[in-house]
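*Asks:* My file is work-v4.cif. It has mmCIF, N, CA, C and O atoms:
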```cif
data_input
loop_
_atom_site.label_atom_id
_atom_site.label_comp_id
_atom_site.auth_asym_id
_atom_site.auth_seq_id
_atom_site.Cartn_x
_atom_site.Cartn_y
_atom_site.Cartn_z
N MET A 615 24.47 27.33 -57.21
CA MET A 615 25.67 26.62 -57.62
C MET A 615 26.29 27.34 -58.82
O MET A 615 25.58 27.86 -59.67
N GLU A 616 27.58 27.38 -58.87
CA GLU A 616 28.30 28.04 -59.97
C GLU A 616 27.98 27.37 -61.29
O GLU A 616 27.89 26.14 -61.39
N ARG A 617 27.82 28.17 -62.32
CA ARG A 617 27.50 27.64 -63.64
C ARG A 617 28.72 27.04 -64.31
O ARG A 617 29.85 27.41 -64.04
N GLY A 618 28.44 26.13 -65.22
CA GLY A 618 29.50 25.55 -66.03
C GLY A 618 29.99 26.54 -67.07
O GLY A 618 29.34 27.56 -67.34
N LEU A 619 31.14 26.24 -67.65
CA LEU A 619 31.72 27.08 -68.68
C LEU A 619 32.25 26.18 -69.78
O LEU A 619 32.98 25.21 -69.51
N LEU A 620 31.88 26.48 -71.00
CA LEU A 620 32.40 25.78 -72.16
C LEU A 620 33.27 26.77 -72.92
O LEU A 620 32.84 27.88 -73.21
N VAL A 621 34.52 26.39 -73.20
CA VAL A 621 35.44 27.26 -73.92
C VAL A 621 35.76 26.59 -75.25
O VAL A 621 36.14 25.42 -75.29
N TYR A 622 35.60 27.35 -76.32
CA TYR A 622 35.88 26.88 -77.68
C TYR A 622 37.19 27.51 -78.14
O TYR A 622 37.40 28.72 -77.99
N THR A 623 38.07 26.68 -78.68
CA THR A 623 39.30 27.18 -79.27
C THR A 623 39.71 26.24 -80.39
O THR A 623 39.14 25.16 -80.55
N THR A 624 40.67 26.64 -81.19
CA THR A 624 41.19 25.81 -82.26
C THR A 624 42.71 25.72 -82.14
O THR A 624 43.36 26.60 -81.57
N PHE A 625 43.25 24.64 -82.69
CA PHE A 625 44.69 24.40 -82.68
C PHE A 625 45.13 23.94 -84.07
O PHE A 625 44.31 23.43 -84.83
N PRO A 626 46.42 24.02 -84.35
CA PRO A 626 46.90 23.58 -85.67
C PRO A 626 46.88 22.06 -85.85
O PRO A 626 46.82 21.57 -86.97
N ASP A 627 46.94 21.31 -84.73
CA ASP A 627 46.97 19.84 -84.84
C ASP A 627 46.51 19.22 -83.51
O ASP A 627 46.48 19.89 -82.47
N ALA A 628 46.17 17.95 -83.59
CA ALA A 628 45.62 17.25 -82.42
C ALA A 628 46.65 17.10 -81.31
O ALA A 628 46.30 17.21 -80.13
N GLU A 629 47.90 16.82 -81.64
CA GLU A 629 48.90 16.62 -80.60
C GLU A 629 49.10 17.87 -79.76
O GLU A 629 49.22 17.80 -78.54
N THR A 630 49.12 19.03 -80.40
CA THR A 630 49.25 20.29 -79.66
C THR A 630 48.04 20.51 -78.78
O THR A 630 48.16 20.86 -77.61
N ALA A 631 46.85 20.27 -79.33
CA ALA A 631 45.62 20.45 -78.55
C ALA A 631 45.59 19.52 -77.35
O ALA A 631 45.22 19.93 -76.25
N LEU A 632 45.99 18.27 -77.55
CA LEU A 632 45.99 17.31 -76.45
C LEU A 632 47.02 17.68 -75.38
O LEU A 632 46.75 17.56 -74.18
N ALA A 633 48.18 18.14 -75.79
CA ALA A 633 49.21 18.53 -74.83
C ALA A 633 48.76 19.73 -74.00
O ALA A 633 48.90 19.74 -72.76
N VAL A 634 48.22 20.75 -74.65
CA VAL A 634 47.73 21.92 -73.93
C VAL A 634 46.55 21.52 -73.04
O VAL A 634 46.47 21.91 -71.88
N GLY A 635 45.64 20.73 -73.59
CA GLY A 635 44.49 20.28 -72.82
C GLY A 635 44.88 19.50 -71.58
O GLY A 635 44.34 19.73 -70.50
N GLU A 636 45.85 18.61 -71.73
CA GLU A 636 46.29 17.84 -70.56
C GLU A 636 46.88 18.75 -69.48
O GLU A 636 46.61 18.57 -68.29
N ALA A 637 47.65 19.73 -69.89
CA ALA A 637 48.23 20.67 -68.91
C ALA A 637 47.13 21.42 -68.16
O ALA A 637 47.20 21.58 -66.94
N LEU A 638 46.10 21.85 -68.87
CA LEU A 638 45.00 22.59 -68.24
C LEU A 638 44.20 21.71 -67.30
O LEU A 638 43.77 22.16 -66.22
N VAL A 639 44.00 20.44 -67.66
CA VAL A 639 43.29 19.51 -66.78
C VAL A 639 44.14 19.21 -65.55
O VAL A 639 43.65 19.22 -64.42
N ARG A 640 45.43 18.97 -65.74
CA ARG A 640 46.32 18.69 -64.61
C ARG A 640 46.37 19.86 -63.62
O ARG A 640 46.52 19.66 -62.42
N GLU A 641 46.25 21.10 -64.13
CA GLU A 641 46.25 22.28 -63.26
C GLU A 641 44.90 22.54 -62.61
O GLU A 641 44.77 23.46 -61.82
N GLY A 642 43.89 21.76 -62.96
CA GLY A 642 42.57 21.94 -62.38
C GLY A 642 41.80 23.11 -62.97
O GLY A 642 40.81 23.55 -62.39
N LEU A 643 42.23 23.60 -64.13
CA LEU A 643 41.52 24.71 -64.77
C LEU A 643 40.39 24.22 -65.67
O LEU A 643 39.48 24.99 -65.99
N ALA A 644 40.47 22.97 -66.09
CA ALA A 644 39.43 22.35 -66.88
C ALA A 644 39.23 20.93 -66.35
O ALA A 644 40.19 20.29 -65.91
N ALA A 645 38.00 20.47 -66.40
CA ALA A 645 37.71 19.10 -65.97
C ALA A 645 37.91 18.12 -67.13
O ALA A 645 38.21 16.96 -66.92
N CYS A 646 37.78 18.61 -68.35
CA CYS A 646 37.87 17.76 -69.54
C CYS A 646 38.14 18.65 -70.75
O CYS A 646 37.69 19.80 -70.79
N VAL A 647 38.87 18.11 -71.72
CA VAL A 647 39.08 18.80 -72.99
C VAL A 647 38.80 17.79 -74.09
O VAL A 647 39.41 16.73 -74.13
N ASN A 648 37.83 18.11 -74.95
CA ASN A 648 37.53 17.27 -76.11
C ASN A 648 38.24 17.85 -77.32
O ASN A 648 38.14 19.05 -77.59
N VAL A 649 38.96 17.01 -78.05
CA VAL A 649 39.69 17.43 -79.24
C VAL A 649 39.04 16.77 -80.45
O VAL A 649 38.92 15.54 -80.51
N LEU A 650 38.60 17.60 -81.38
CA LEU A 650 37.88 17.15 -82.56
C LEU A 650 38.70 17.47 -83.80
O LEU A 650 38.73 18.62 -84.26
N PRO A 651 39.39 16.49 -84.38
CA PRO A 651 40.24 16.77 -85.55
C PRO A 651 39.42 16.88 -86.83
O PRO A 651 38.22 16.59 -86.85
N GLY A 652 40.08 17.32 -87.88
CA GLY A 652 39.49 17.31 -89.21
C GLY A 652 38.69 18.54 -89.59
O GLY A 652 37.96 18.52 -90.58
N MET A 653 38.81 19.63 -88.86
CA MET A 653 38.08 20.84 -89.19
C MET A 653 38.82 21.61 -90.28
O MET A 653 40.04 21.73 -90.24
N ARG A 654 38.08 22.12 -91.22
CA ARG A 654 38.65 23.00 -92.24
C ARG A 654 38.09 24.38 -92.00
O ARG A 654 36.90 24.55 -91.76
N SER A 655 38.95 25.38 -92.07
CA SER A 655 38.56 26.74 -91.74
C SER A 655 38.79 27.70 -92.90
O SER A 655 39.74 27.55 -93.66
N VAL A 656 37.91 28.68 -92.99
CA VAL A 656 38.09 29.85 -93.85
C VAL A 656 37.96 31.03 -92.91
O VAL A 656 36.98 31.16 -92.18
N TYR A 657 38.97 31.91 -92.89
CA TYR A 657 38.96 32.99 -91.92
C TYR A 657 39.68 34.23 -92.46
O TYR A 657 40.52 34.14 -93.34
N ALA A 658 39.31 35.37 -91.90
CA ALA A 658 39.97 36.63 -92.23
C ALA A 658 41.14 36.80 -91.28
O ALA A 658 41.00 36.63 -90.06
N TRP A 659 42.31 37.14 -91.83
CA TRP A 659 43.50 37.34 -91.01
C TRP A 659 44.39 38.39 -91.64
O TRP A 659 44.89 38.21 -92.74
N LYS A 660 44.54 39.51 -90.95
CA LYS A 660 45.41 40.61 -91.37
C LYS A 660 45.11 41.06 -92.80
O LYS A 660 46.00 41.23 -93.62
N GLY A 661 43.81 41.22 -93.09
CA GLY A 661 43.39 41.76 -94.36
C GLY A 661 43.27 40.76 -95.50
O GLY A 661 42.95 41.14 -96.62
N ALA A 662 43.52 39.50 -95.24
CA ALA A 662 43.42 38.47 -96.28
C ALA A 662 42.46 37.38 -95.83
O ALA A 662 42.23 37.20 -94.64
N VAL A 663 41.92 36.66 -96.80
CA VAL A 663 41.10 35.50 -96.49
C VAL A 663 41.97 34.27 -96.63
O VAL A 663 42.61 34.06 -97.65
N GLU A 664 42.01 33.49 -95.56
CA GLU A 664 42.89 32.31 -95.49
C GLU A 664 42.05 31.04 -95.39
O GLU A 664 40.90 31.09 -94.98
N ARG A 665 42.67 29.93 -95.72
CA ARG A 665 42.09 28.61 -95.49
C ARG A 665 43.10 27.78 -94.74
O ARG A 665 44.31 27.95 -94.92
N GLY A 666 42.61 26.88 -93.90
CA GLY A 666 43.52 26.02 -93.17
C GLY A 666 42.81 24.82 -92.60
O GLY A 666 41.58 24.76 -92.57
N GLU A 667 43.60 23.86 -92.16
CA GLU A 667 43.09 22.70 -91.46
C GLU A 667 43.46 22.85 -89.99
O GLU A 667 44.60 23.19 -89.67
N GLU A 668 42.49 22.62 -89.13
CA GLU A 668 42.69 22.79 -87.70
C GLU A 668 41.98 21.68 -86.95
O GLU A 668 41.32 20.84 -87.55
N VAL A 669 42.11 21.71 -85.65
CA VAL A 669 41.29 20.88 -84.77
C VAL A 669 40.57 21.81 -83.80
O VAL A 669 41.07 22.87 -83.45
N VAL A 670 39.39 21.39 -83.40
CA VAL A 670 38.60 22.13 -82.41
C VAL A 670 38.88 21.52 -81.05
O VAL A 670 39.01 20.30 -80.91
N ALA A 671 38.98 22.36 -80.04
CA ALA A 671 39.07 21.88 -78.66
C ALA A 671 37.94 22.55 -77.87
O ALA A 671 37.76 23.76 -77.94
N LEU A 672 37.19 21.72 -77.15
CA LEU A 672 36.13 22.20 -76.26
C LEU A 672 36.56 21.91 -74.84
O LEU A 672 36.79 20.75 -74.48
N LEU A 673 36.71 22.96 -74.05
CA LEU A 673 37.16 22.83 -72.67
C LEU A 673 35.97 22.98 -71.75
O LEU A 673 35.19 23.93 -71.88
N LYS A 674 35.83 22.04 -70.81
CA LYS A 674 34.72 22.07 -69.84
C LYS A 674 35.27 22.50 -68.50
O LYS A 674 36.19 21.88 -67.97
N SER A 675 34.71 23.59 -67.97
CA SER A 675 35.20 24.16 -66.72
C SER A 675 34.03 24.78 -65.98
O SER A 675 32.90 24.34 -66.13
N ARG A 676 34.32 25.83 -65.20
CA ARG A 676 33.29 26.57 -64.47
C ARG A 676 33.54 28.06 -64.60
O ARG A 676 34.68 28.49 -64.80
N GLU A 677 32.48 28.83 -64.48
CA GLU A 677 32.55 30.28 -64.71
C GLU A 677 33.64 30.99 -63.89
O GLU A 677 34.30 31.87 -64.40
N GLY A 678 33.82 30.58 -62.66
CA GLY A 678 34.80 31.25 -61.81
C GLY A 678 36.23 31.12 -62.29
O GLY A 678 37.10 31.86 -61.83
N LEU A 679 36.48 30.21 -63.21
CA LEU A 679 37.84 30.03 -63.73
C LEU A 679 38.04 30.66 -65.11
O LEU A 679 39.10 30.49 -65.72
N ALA A 680 37.06 31.38 -65.61
CA ALA A 680 37.11 31.91 -66.97
C ALA A 680 38.39 32.70 -67.24
O ALA A 680 39.08 32.45 -68.24
N GLU A 681 38.72 33.64 -66.40
CA GLU A 681 39.91 34.47 -66.64
C GLU A 681 41.19 33.68 -66.53
O GLU A 681 42.08 33.79 -67.39
N ARG A 682 41.33 32.88 -65.48
CA ARG A 682 42.54 32.07 -65.29
C ARG A 682 42.70 31.05 -66.41
O ARG A 682 43.81 30.85 -66.92
N LEU A 683 41.61 30.41 -66.78
CA LEU A 683 41.66 29.42 -67.85
C LEU A 683 42.04 30.08 -69.18
O LEU A 683 42.91 29.59 -69.91
N GLY A 684 41.43 31.21 -69.47
CA GLY A 684 41.75 31.93 -70.71
C GLY A 684 43.21 32.36 -70.76
O GLY A 684 43.88 32.20 -71.79
N ALA A 685 43.73 32.86 -69.66
CA ALA A 685 45.13 33.29 -69.61
C ALA A 685 46.09 32.11 -69.77
O ALA A 685 47.07 32.18 -70.50
N ALA A 686 45.78 30.99 -69.10
CA ALA A 686 46.64 29.81 -69.20
C ALA A 686 46.59 29.22 -70.61
O ALA A 686 47.62 28.76 -71.13
N LEU A 687 45.43 29.23 -71.22
CA LEU A 687 45.28 28.75 -72.59
C LEU A 687 46.10 29.61 -73.55
O LEU A 687 46.88 29.09 -74.36
N LYS A 688 45.97 30.92 -73.45
CA LYS A 688 46.72 31.82 -74.33
C LYS A 688 48.23 31.69 -74.13
O LYS A 688 49.00 31.77 -75.08
N ALA A 689 48.67 31.49 -72.90
CA ALA A 689 50.10 31.38 -72.61
C ALA A 689 50.72 30.15 -73.27
O ALA A 689 51.90 30.15 -73.61
N ARG A 690 49.93 29.10 -73.47
CA ARG A 690 50.44 27.84 -74.04
C ARG A 690 50.15 27.70 -75.53
O ARG A 690 50.64 26.80 -76.18
N HIS A 691 49.31 28.56 -76.05
CA HIS A 691 48.79 28.40 -77.41
C HIS A 691 49.82 28.82 -78.45
O HIS A 691 50.49 29.84 -78.29
N PRO A 692 49.97 28.05 -79.54
CA PRO A 692 50.96 28.41 -80.56
C PRO A 692 50.53 29.54 -81.49
O PRO A 692 51.38 30.12 -82.16
N TYR A 693 49.25 29.87 -81.54
CA TYR A 693 48.79 30.92 -82.45
C TYR A 693 49.11 32.30 -81.88
O TYR A 693 49.05 32.51 -80.68
N GLU A 694 49.38 33.23 -82.77
CA GLU A 694 49.62 34.62 -82.37
C GLU A 694 48.39 35.20 -81.66
O GLU A 694 48.51 35.88 -80.65
N THR A 695 47.22 34.93 -82.20
CA THR A 695 45.97 35.39 -81.61
C THR A 695 44.99 34.23 -81.59
O THR A 695 44.19 34.06 -82.52
N PRO A 696 45.03 33.39 -80.56
CA PRO A 696 44.12 32.25 -80.53
C PRO A 696 42.68 32.69 -80.28
O PRO A 696 42.44 33.69 -79.61
N ILE A 697 41.77 31.94 -80.85
CA ILE A 697 40.35 32.19 -80.59
C ILE A 697 40.03 31.56 -79.23
O ILE A 697 40.40 30.42 -78.97
N VAL A 698 39.40 32.32 -78.37
CA VAL A 698 38.98 31.82 -77.05
C VAL A 698 37.57 32.36 -76.82
O VAL A 698 37.40 33.53 -76.50
N LEU A 699 36.58 31.50 -77.02
CA LEU A 699 35.19 31.88 -76.83
C LEU A 699 34.65 31.20 -75.58
O LEU A 699 34.76 29.98 -75.45
N HIS A 700 34.07 31.98 -74.68
CA HIS A 700 33.52 31.46 -73.42
C HIS A 700 32.00 31.43 -73.52
O HIS A 700 31.39 32.45 -73.87
N TRP A 701 31.42 30.28 -73.17
CA TRP A 701 29.97 30.15 -73.10
C TRP A 701 29.58 29.63 -71.73
O TRP A 701 29.81 28.46 -71.42
N PRO A 702 28.99 30.47 -70.89
CA PRO A 702 28.44 29.96 -69.63
C PRO A 702 27.30 29.01 -69.98
O PRO A 702 26.49 29.31 -70.86
N VAL A 703 27.26 27.87 -69.32
CA VAL A 703 26.24 26.87 -69.62
C VAL A 703 25.62 26.32 -68.35
O VAL A 703 26.26 26.28 -67.30
N GLY A 704 24.39 25.90 -68.47
CA GLY A 704 23.76 25.17 -67.39
C GLY A 704 24.18 23.71 -67.49
O GLY A 704 24.64 23.25 -68.54
N ALA A 705 24.03 22.98 -66.43
CA ALA A 705 24.38 21.56 -66.42
C ALA A 705 23.48 20.82 -65.46
O ALA A 705 23.00 21.40 -64.49
N ASP A 706 23.27 19.53 -65.73
CA ASP A 706 22.51 18.75 -64.78
C ASP A 706 23.32 18.63 -63.49
O ASP A 706 24.51 18.91 -63.47
N ALA A 707 22.68 18.21 -62.42
CA ALA A 707 23.31 18.20 -61.09
C ALA A 707 24.59 17.36 -61.06
O ALA A 707 25.60 17.77 -60.48
N GLY A 708 24.58 16.20 -61.69
CA GLY A 708 25.76 15.34 -61.68
C GLY A 708 26.93 15.96 -62.42
O GLY A 708 28.07 15.91 -61.96
N THR A 709 26.66 16.55 -63.58
CA THR A 709 27.72 17.20 -64.36
C THR A 709 28.26 18.41 -63.61
O THR A 709 29.48 18.61 -63.54
N ALA A 710 27.38 19.20 -63.03
CA ALA A 710 27.81 20.37 -62.27
C ALA A 710 28.69 19.97 -61.09
O ALA A 710 29.73 20.59 -60.85
N ALA A 711 28.30 18.93 -60.40
CA ALA A 711 29.09 18.46 -59.25
C ALA A 711 30.47 17.98 -59.71
O ALA A 711 31.48 18.24 -59.06
N TRP A 712 30.51 17.27 -60.83
CA TRP A 712 31.78 16.79 -61.38
C TRP A 712 32.69 17.95 -61.76
O TRP A 712 33.87 17.96 -61.44
N LEU A 713 32.12 18.96 -62.47
CA LEU A 713 32.92 20.13 -62.84
C LEU A 713 33.52 20.81 -61.61
O LEU A 713 34.70 21.16 -61.60
N LEU A 714 32.70 21.00 -60.60
CA LEU A 714 33.19 21.64 -59.37
C LEU A 714 34.26 20.79 -58.69
O LEU A 714 35.30 21.31 -58.27
N ALA A 715 34.02 19.50 -58.59
CA ALA A 715 34.98 18.62 -57.92
C ALA A 715 36.32 18.59 -58.63
O ALA A 715 37.38 18.62 -57.98
N GLU A 716 36.31 18.56 -59.94
CA GLU A 716 37.55 18.43 -60.71
C GLU A 716 38.29 19.74 -60.89
O GLU A 716 39.46 19.74 -61.28
N THR A 717 37.64 20.85 -60.61
CA THR A 717 38.29 22.15 -60.78
C THR A 717 38.40 22.92 -59.47
O THR A 717 38.67 24.13 -59.47
N GLY A 718 38.22 22.24 -58.35
CA GLY A 718 38.43 22.86 -57.05
C GLY A 718 37.37 23.83 -56.62
O GLY A 718 37.61 24.67 -55.75
N GLY A 719 36.18 23.74 -57.20
CA GLY A 719 35.10 24.65 -56.82
C GLY A 719 34.37 24.15 -55.59
O GLY A 719 34.37 22.97 -55.26
N ALA A 720 33.75 25.07 -54.91
CA ALA A 720 32.95 24.73 -53.73
C ALA A 720 31.48 24.72 -54.14
O ALA A 720 31.02 25.67 -54.75
N PRO A 721 30.75 23.67 -53.81
CA PRO A 721 29.33 23.66 -54.15
C PRO A 721 28.58 24.76 -53.40
O PRO A 721 28.89 25.05 -52.25
N GLY A 722 27.64 25.36 -54.10
CA GLY A 722 26.82 26.41 -53.47
C GLY A 722 25.60 25.79 -52.80
O GLY A 722 25.42 24.59 -52.82
N PRO A 723 24.74 26.63 -52.23
CA PRO A 723 23.53 26.11 -51.60
C PRO A 723 22.61 25.49 -52.63
O PRO A 723 22.51 25.97 -53.74
N ALA A 724 21.96 24.43 -52.23
CA ALA A 724 21.02 23.74 -53.14
C ALA A 724 19.70 24.45 -53.22
O ALA A 724 19.31 25.18 -52.40
#
```
Mind turning this structure into structure tokens?

*Replies:*
Amino acid sequence: MERGLLVYTTFPDAETALAVGEALVREGLAACVNVLPGMRSVYAWKGAVERGEEVVALLKSREGLAERLGAALKARHPYETPIVLHWPVGADAGTAAWLLAETGGAPGPA
């Protein structure tokens, strides 16, 4: 069975994250997007150290959609260079079946 995929990204605010997340779920590229507000960041950007307030978004999908999901996320993202980290993950049978069902995947042999 195809493995799950967890994608980590950040947004400037919760409303933007929720709007992008909803579009990705409606397109079947993600089964769920969790938005976690209140993150404070320190990061290097163009030779300077910056601080900012952001929200984290965790996208739940499947490995076969990694490229399409990443491209769709970047196309909608307000940042010049958004962070997009992909983590292939294992999942229990129920979660794996849900991910496949909600993202148009075909179950593999058991």

*Asks:* Let me make sure I understand: among A:Lys674, A:Ala658, A:Ala685, A:Val663, which one has the smallest atom-to-atom distance to Val639 of chain A if we use all atoms listed in the file?

*Replies:*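 Result for the nearest residue to Val639 of chain A: A:Lys674.
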
*Asks:* Check the DSSP output for the backbone and give back, as a list in words, the residues of segment 657-686 of chain A in strand (DSSP E).

*Replies:*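 Those in segment 657-686 of chain A that DSSP calls strand (DSSP E) are Tyr657, Ala658, Trp659, Ala662, Val663, Glu664, Arg665, Gly666, Glu667, Glu668, Val669, Val670, Ala671, Leu672, Leu673, Lys674, Ser675 and Arg676 of chain A.
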
*Asks:* (43.8, 20.0, -91.9) in this file's frame - what residues fall within 8 Å of it? Use all atoms listed in the file and give the answer as a list in words.

*Replies:*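 Selection result: Phe625, Pro626, Asp627, Pro651, Gly652, Met653, Arg654, Ser655, Gly666, Glu667, Glu668 and Val669 of chain A.
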
*Asks:* Write a file of the just-selected residues containing N, CA, C and O atoms, as a compact mmCIF listing (two decimals), in the coordinates of the input.

*Replies:*
```txt
# COMPACT_ATOMS: atom_id res chain seq x y z
N PHE A 625 43.25 24.64 -82.69
CA PHE A 625 44.69 24.40 -82.68
C PHE A 625 45.13 23.94 -84.07
O PHE A 625 44.31 23.43 -84.83
N PRO A 626 46.42 24.02 -84.35
CA PRO A 626 46.90 23.58 -85.67
C PRO A 626 46.88 22.06 -85.85
O PRO A 626 46.82 21.57 -86.97
N ASP A 627 46.94 21.31 -84.73
CA ASP A 627 46.97 19.84 -84.84
C ASP A 627 46.51 19.22 -83.51
O ASP A 627 46.48 19.89 -82.47
N PRO A 651 39.39 16.49 -84.38
CA PRO A 651 40.24 16.77 -85.55
C PRO A 651 39.42 16.88 -86.83
O PRO A 651 38.22 16.59 -86.85
N GLY A 652 40.08 17.32 -87.88
CA GLY A 652 39.49 17.31 -89.21
C GLY A 652 38.69 18.54 -89.59
O GLY A 652 37.96 18.52 -90.58
N MET A 653 38.81 19.63 -88.86
CA MET A 653 38.08 20.84 -89.19
C MET A 653 38.82 21.61 -90.28
O MET A 653 40.04 21.73 -90.24
N ARG A 654 38.08 22.12 -91.22
CA ARG A 654 38.65 23.00 -92.24
C ARG A 654 38.09 24.38 -92.00
O ARG A 654 36.90 24.55 -91.76
N SER A 655 38.95 25.38 -92.07
CA SER A 655 38.56 26.74 -91.74
C SER A 655 38.79 27.70 -92.90
O SER A 655 39.74 27.55 -93.66
N GLY A 666 42.61 26.88 -93.90
CA GLY A 666 43.52 26.02 -93.17
C GLY A 666 42.81 24.82 -92.60
O GLY A 666 41.58 24.76 -92.57
N GLU A 667 43.60 23.86 -92.16
CA GLU A 667 43.09 22.70 -91.46
C GLU A 667 43.46 22.85 -89.99
O GLU A 667 44.60 23.19 -89.67
N GLU A 668 42.49 22.62 -89.13
CA GLU A 668 42.69 22.79 -87.70
C GLU A 668 41.98 21.68 -86.95
O GLU A 668 41.32 20.84 -87.55
N VAL A 669 42.11 21.71 -85.65
CA VAL A 669 41.29 20.88 -84.77
C VAL A 669 40.57 21.81 -83.80
O VAL A 669 41.07 22.87 -83.45
```

*Asks:* Using only N, CA, C and O atoms, pick whichever of A:Val698, A:Val647, A:Leu713, A:Ala633 has the shortest atom-to-atom distance to Val670 of chain A.

*Replies:*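 Closest residue, counting only N, CA, C and O atoms: A:Val647.
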
*Asks:* Write out as a list in words each polymer residue whose atoms come within 8 Å of Ala644 of chain A, counting all atoms listed in the file; drop sequence neighbours fewer than 5 positions from it.

*Replies:* Leu619, Gly635, Glu636, Ala637, Leu638, Val639, Leu673, Lys674, Ser675, Arg676, Leu679, Leu683, Trp712, Leu713, Glu716 and Thr717 of chain A

*Asks:* Env of Pro692 of chain A: 10 Å cut, atoms = only C-alpha atoms, seq-sep filter 2 positions within chain, self excluded. Answer as a list in words.

*Replies:*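 Residues near the query, excluding close chain neighbours: Phe625, Pro626, Thr630, Ala631, Val634, Leu687, Lys688, Ala689, Arg690, Glu694, Thr695 and Pro696 of chain A.
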
*Asks:* List the residues matched by the PyMOL selection byres ((chain A and resi 700) around 8) in the displayed structure as a VMD selection string, ordered by chain and then by residue number.

*Replies:* chain A and resid 618 to 623 673 680 697 to 699 701 to 703

*Asks:* Taking only N, CA, C and O atoms into account, which of A:Ala671, A:Ala662, A:Leu650, A:Leu714 comes nearest Arg617 of chain A?

*Replies:*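 Nearest to Arg617 of chain A: A:Leu714.
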
*Asks:* Which residue gives the smallest distance to Gly678 of chain A among A:Leu643, A:Leu632, A:Ala715, A:Ala705, with all atoms listed in the file counted?

*Replies:* A:Leu643

*Asks:* Atom O of Met615 of chain A to atom O of Ala686 of chain A: how many Å, to one decimal?

*Replies:* 24.9 Å
